[in-house]
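Participant: Dropping in work.cif, with mmCIF, C-alpha atoms.
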```cif
data_structure
loop_
_atom_site.label_atom_id
_atom_site.label_comp_id
_atom_site.auth_asym_id
_atom_site.auth_seq_id
_atom_site.Cartn_x
_atom_site.Cartn_y
_atom_site.Cartn_z
CA MET A 139 -55.81 1.26 -36.76
CA THR A 140 -52.48 2.42 -38.17
CA VAL A 141 -49.52 2.10 -35.80
CA ASP A 142 -46.13 3.72 -36.25
CA SER A 143 -43.12 1.50 -35.65
CA SER A 144 -39.61 2.39 -34.54
CA TYR A 145 -37.92 0.94 -37.65
CA GLY A 146 -40.30 1.94 -40.44
CA PRO A 147 -43.43 0.47 -42.00
CA GLY A 148 -44.20 -3.06 -40.78
CA VAL A 149 -41.02 -3.55 -38.73
CA PHE A 150 -41.84 -3.82 -35.01
CA GLN A 151 -39.94 -4.70 -31.85
CA THR A 152 -41.40 -5.61 -28.46
CA PHE A 153 -40.84 -2.06 -27.18
CA ASP A 154 -43.28 -0.77 -29.84
CA THR A 155 -46.18 -1.59 -27.50
CA LYS A 156 -48.56 1.40 -27.43
CA LEU A 157 -51.70 2.69 -25.67
CA TYR A 158 -54.09 5.05 -27.46
CA LEU A 159 -56.64 6.89 -25.31
CA THR A 160 -59.61 8.32 -27.22
CA VAL A 161 -63.06 9.83 -26.75
CA ASP A 162 -65.24 9.71 -29.84
CA ALA A 163 -68.01 12.11 -30.93
CA ALA A 164 -70.64 10.05 -29.07
CA GLY A 165 -68.67 10.42 -25.81
CA GLU A 166 -67.51 6.80 -25.77
CA ARG A 167 -64.16 6.44 -23.98
CA HIS A 168 -61.72 3.87 -25.36
CA ILE A 169 -58.23 2.56 -24.72
CA GLU A 170 -56.66 0.76 -27.65
CA TYR A 171 -53.73 -1.50 -26.74
CA PHE A 172 -51.30 -2.46 -29.49
CA ASP A 173 -48.87 -5.30 -28.83
CA PRO A 174 -46.62 -6.14 -31.81
CA LEU A 175 -46.40 -9.78 -30.66
CA ALA A 176 -50.19 -10.21 -30.82
CA LEU A 177 -52.01 -10.73 -34.11
CA ASN A 178 -54.34 -7.79 -33.48
CA SER A 179 -54.88 -4.86 -31.14
CA ARG A 180 -57.34 -4.89 -28.22
CA LYS A 181 -59.88 -2.20 -27.48
CA PHE A 182 -61.13 -1.50 -23.95
CA THR A 183 -64.19 0.66 -23.28
CA ASP A 184 -65.61 2.50 -20.27
CA GLY A 185 -69.31 3.34 -20.26
CA SER A 186 -71.96 2.45 -22.78
CA TRP A 187 -70.75 1.86 -26.32
CA SER A 188 -72.27 1.11 -29.71
CA ASN A 189 -72.00 -2.58 -30.54
CA PRO A 190 -74.03 -5.25 -32.34
CA TRP A 191 -74.33 -7.47 -29.23
CA GLY A 192 -76.19 -4.99 -27.00
CA CYS A 193 -73.42 -5.06 -24.36
CA THR A 194 -73.09 -2.07 -22.08
CA ASP A 195 -70.92 -0.96 -19.17
CA VAL A 196 -71.25 1.53 -16.32
CA LEU A 197 -69.21 4.74 -16.73
CA ASP A 198 -67.04 4.09 -13.67
CA GLY A 199 -63.40 4.41 -14.76
CA ILE A 200 -63.05 0.63 -15.13
CA TYR A 201 -62.41 -0.32 -18.74
CA THR A 202 -63.71 -3.63 -20.06
CA CYS A 203 -62.49 -5.48 -23.11
CA ALA A 204 -64.82 -4.57 -25.96
CA VAL A 205 -63.09 -5.88 -29.06
CA SER A 206 -59.97 -7.93 -29.62
#
```
Would you write out, as structure tokens, the structure that this file holds?

Facilitator:
Amino acid sequence: MTVDSSYGPGVFQTFDTKLYLTVDAAGERHIEYFDPLALNSRKFTDGSWSNPWGCTDVLDGIYTCAVS
């Protein structure tokens, strides 16, 4: 994921925290949370989603942490 910062490429402040809400072609609903203080972003998913572990979730409006 590429994230824009307030001060240019690679220069982030704590207020650069962002949420990205997406629905992909398969209908999977995701929230991606970017925190510049963390080493990586976190992805939350609602409903079933493609993954190598066979995990699934009910499409109920409650997002679970899929990938961090």

Participant: Out of A:Phe182, A:Pro147, A:Ile200, A:Asp142, which residue has the shortest atom-to-atom distance to His168 (chain A) when counting only C-alpha atoms?

Facilitator: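 Closest to His168 (chain A) of all the choices is A:Phe182.
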
Participant: Evaluated on this file, the PyMOL selection byres ((chain A and resi 143) around 12) picks out some residues - which ones are they, written as a ChimeraX atom specification?

Facilitator: /A:140-142,144-156,172-174

Participant: For Asp195 (chain A), find every residue with an atom within 10 Å (counting only C-alpha atoms), except residues of its own chain fewer than 3 positions away, and show them as a PDB file with C-alpha atoms, keeping the file's coordinate frame.

Facilitator:
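The result, stored in around.pdb:
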```pdb
ATOM      1  CA  THR A 183     -64.190   0.660 -23.280  1.00  0.00           C
ATOM      2  CA  ASP A 184     -65.610   2.500 -20.270  1.00  0.00           C
ATOM      3  CA  GLY A 185     -69.310   3.340 -20.260  1.00  0.00           C
ATOM      4  CA  SER A 186     -71.960   2.450 -22.780  1.00  0.00           C
ATOM      5  CA  TRP A 187     -70.750   1.860 -26.320  1.00  0.00           C
ATOM      6  CA  ASP A 198     -67.040   4.090 -13.670  1.00  0.00           C
ATOM      7  CA  ILE A 200     -63.050   0.630 -15.130  1.00  0.00           C
ATOM      8  CA  TYR A 201     -62.410  -0.320 -18.740  1.00  0.00           C
ATOM      9  CA  THR A 202     -63.710  -3.630 -20.060  1.00  0.00           C
ATOM     10  CA  ALA A 204     -64.820  -4.570 -25.960  1.00  0.00           C
TER      11      ALA A 204
END
```
